[in-house]
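Participant: Dropping a structure here in structure tokens format, bear with me for questions.
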Amino acid sequence: MSDHVYSVTEVVGSSTKGIDDAIAQAVARASDTVRNLEWFEVVGTRGHIVDGKVAHVQVTIKLGFRLDAD
């Protein structure tokens with residue numbers, strides 16, 4: 001296994017379906033524009049309440065992507 005160097009960025013995914021879907025939305029959208037995504041870490045969750053019910057959730061994640069070798 002070779003050594004790698006990573007950069008980290010933070011994104012927020014949102015979903016009316018739940019936390020897993022919010023994570024999937026964030027990763028899918030980031031993968032459209034960022035190469036070499038390797039891992040994620042959930043760093044925060046929050047939600048929006050409407051009429052006493054959960055309307056949607058937001059999940060903040062850190063995404064690690066491997067930098068290209070020289």
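If you're wondering about the labels, chains in the structure tokens are A, B, ... by order shown, residues count from 1 in each chain, ligands from 1 in order shown.
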Run DSSP on the backbone of this structure and report the residues of range 34-66 of chain A it assigns to strand (DSSP E or B), as a count of residues only.
Facilitator: 28
Participant: Could you tell me how far CA of Asn36 in chain A sits from CA of Val12 in chain A, in Å to one decimal place?
Facilitator: 18.8 Å
Participant: Report, in Å with one decimal, the straight-line distance from CA of Ala22 in chain A to CA of His56 in chain A.
Facilitator: 9.1 Å
Participant: Please provide as a ChimeraX atom specification all residues within 10 Å of range 48-54 of chain A, with the sequence filter that same-chain residues fewer than 5 positions apart are discarded (counting only C-alpha atoms).
Facilitator: /A:16-18
Participant: Which residues, written as a PyMOL selection string, have at least one atom at most 9 Å from range 8-10 of chain A, with only C-alpha atoms counted and residues fewer than 5 positions away on the same chain left out?
Facilitator: chain A and resi 60-66
Participant: Can I get the selected residues back with N, CA and C atoms, as a JSON list (two decimals), in the first residue's frame?
Facilitator:
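And here is the file that came out, again.json:
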[["chain", "number", "residue", "atom", "x", "y", "z"],
["A", 60, "THR", "N", -24.02, 17.53, 8.37],
["A", 60, "THR", "CA", -22.74, 18.12, 7.96],
["A", 60, "THR", "C", -21.70, 17.01, 7.98],
["A", 61, "ILE", "N", -20.98, 16.86, 6.87],
["A", 61, "ILE", "CA", -19.94, 15.83, 6.80],
["A", 61, "ILE", "C", -18.64, 16.44, 6.30],
["A", 62, "LYS", "N", -17.56, 15.86, 6.77],
["A", 62, "LYS", "CA", -16.24, 16.16, 6.22],
["A", 62, "LYS", "C", -15.96, 15.07, 5.19],
["A", 63, "LEU", "N", -15.49, 15.48, 4.02],
["A", 63, "LEU", "CA", -15.13, 14.54, 2.97],
["A", 63, "LEU", "C", -13.63, 14.58, 2.76],
["A", 64, "GLY", "N", -13.02, 13.41, 2.75],
["A", 64, "GLY", "CA", -11.59, 13.32, 2.47],
["A", 64, "GLY", "C", -11.38, 12.85, 1.05],
["A", 65, "PHE", "N", -10.54, 13.57, 0.32],
["A", 65, "PHE", "CA", -10.21, 13.14, -1.04],
["A", 65, "PHE", "C", -8.71, 13.12, -1.22],
["A", 66, "ARG", "N", -8.26, 12.07, -1.90],
["A", 66, "ARG", "CA", -6.84, 11.85, -2.12],
["A", 66, "ARG", "C", -6.32, 12.82, -3.17]]
Participant: Give the helix (DSSP H, G or I) residues of range 28-67 of chain A, as assigned by DSSP on the backbone, as a ChimeraX atom specification.
Facilitator: /A:28-31
Participant: Would you compute the distance between CA of Ala69 in chain A and CA of Gly13 in chain A? Give it in Å to one decimal.
Facilitator: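 Computed distance, CA of Ala69 in chain A to CA of Gly13 in chain A, equals 29.3 Å.
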Participant: Residues at most 12 Å from Asp20 in chain A, counting only C-alpha atoms, excluding those fewer than 5 positions away in the same chain, as a PDB file with N, CA, C and O atoms, in the first residue's frame?
Facilitator:
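Once everything was written out, this is out_35.pdb:
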ATOM      1  N   GLY A  13     -25.577  17.889   3.565  1.00  0.00           N
ATOM      2  CA  GLY A  13     -26.632  17.240   2.789  1.00  0.00           C
ATOM      3  C   GLY A  13     -27.959  17.408   3.499  1.00  0.00           C
ATOM      4  O   GLY A  13     -28.019  17.463   4.725  1.00  0.00           O
ATOM      5  N   SER A  14     -29.035  17.489   2.728  1.00  0.00           N
ATOM      6  CA  SER A  14     -30.369  17.697   3.282  1.00  0.00           C
ATOM      7  C   SER A  14     -31.317  16.662   2.696  1.00  0.00           C
ATOM      8  O   SER A  14     -31.203  16.298   1.529  1.00  0.00           O
ATOM      9  N   SER A  15     -32.265  16.204   3.523  1.00  0.00           N
ATOM     10  CA  SER A  15     -33.219  15.211   3.042  1.00  0.00           C
ATOM     11  C   SER A  15     -34.489  15.228   3.881  1.00  0.00           C
ATOM     12  O   SER A  15     -34.441  15.455   5.088  1.00  0.00           O
ATOM     13  N   GLN A  25     -26.983  12.043  -0.329  1.00  0.00           N
ATOM     14  CA  GLN A  25     -27.138  13.212  -1.200  1.00  0.00           C
ATOM     15  C   GLN A  25     -25.858  14.038  -1.228  1.00  0.00           C
ATOM     16  O   GLN A  25     -25.409  14.483  -2.286  1.00  0.00           O
ATOM     17  N   ALA A  26     -25.270  14.259  -0.056  1.00  0.00           N
ATOM     18  CA  ALA A  26     -24.045  15.065   0.030  1.00  0.00           C
ATOM     19  C   ALA A  26     -22.893  14.394  -0.709  1.00  0.00           C
ATOM     20  O   ALA A  26     -22.165  15.040  -1.471  1.00  0.00           O
ATOM     21  N   VAL A  27     -22.715  13.099  -0.492  1.00  0.00           N
ATOM     22  CA  VAL A  27     -21.621  12.369  -1.140  1.00  0.00           C
ATOM     23  C   VAL A  27     -21.834  12.323  -2.654  1.00  0.00           C
ATOM     24  O   VAL A  27     -20.899  12.565  -3.426  1.00  0.00           O
ATOM     25  N   VAL A  42     -19.208  12.167   9.756  1.00  0.00           N
ATOM     26  CA  VAL A  42     -20.338  12.999  10.158  1.00  0.00           C
ATOM     27  C   VAL A  42     -19.894  13.874  11.320  1.00  0.00           C
ATOM     28  O   VAL A  42     -19.410  13.364  12.332  1.00  0.00           O
ATOM     29  N   THR A  45     -25.474  17.088  12.978  1.00  0.00           N
ATOM     30  CA  THR A  45     -26.816  16.845  12.452  1.00  0.00           C
ATOM     31  C   THR A  45     -27.765  17.878  13.041  1.00  0.00           C
ATOM     32  O   THR A  45     -27.586  18.330  14.172  1.00  0.00           O
ATOM     33  N   HIS A  56     -37.361  17.961   7.658  1.00  0.00           N
ATOM     34  CA  HIS A  56     -36.175  17.451   6.973  1.00  0.00           C
ATOM     35  C   HIS A  56     -34.992  17.510   7.925  1.00  0.00           C
ATOM     36  O   HIS A  56     -35.043  18.166   8.964  1.00  0.00           O
ATOM     37  N   VAL A  57     -33.954  16.771   7.563  1.00  0.00           N
ATOM     38  CA  VAL A  57     -32.718  16.763   8.349  1.00  0.00           C
ATOM     39  C   VAL A  57     -31.579  17.287   7.484  1.00  0.00           C
ATOM     40  O   VAL A  57     -31.600  17.174   6.261  1.00  0.00           O
ATOM     41  N   GLN A  58     -30.601  17.870   8.155  1.00  0.00           N
ATOM     42  CA  GLN A  58     -29.364  18.285   7.507  1.00  0.00           C
ATOM     43  C   GLN A  58     -28.216  17.600   8.228  1.00  0.00           C
ATOM     44  O   GLN A  58     -28.194  17.549   9.463  1.00  0.00           O
ATOM     45  N   VAL A  59     -27.285  17.073   7.460  1.00  0.00           N
ATOM     46  CA  VAL A  59     -26.118  16.397   8.019  1.00  0.00           C
ATOM     47  C   VAL A  59     -24.869  17.056   7.465  1.00  0.00           C
ATOM     48  O   VAL A  59     -24.693  17.149   6.247  1.00  0.00           O
ATOM     49  N   THR A  60     -24.016  17.530   8.367  1.00  0.00           N
ATOM     50  CA  THR A  60     -22.744  18.120   7.963  1.00  0.00           C
ATOM     51  C   THR A  60     -21.704  17.012   7.981  1.00  0.00           C
ATOM     52  O   THR A  60     -21.578  16.294   8.986  1.00  0.00           O
ATOM     53  N   ILE A  61     -20.983  16.860   6.868  1.00  0.00           N
ATOM     54  CA  ILE A  61     -19.945  15.833   6.799  1.00  0.00           C
ATOM     55  C   ILE A  61     -18.638  16.439   6.302  1.00  0.00           C
ATOM     56  O   ILE A  61     -18.638  17.410   5.549  1.00  0.00           O
TER      57      ILE A  61
END
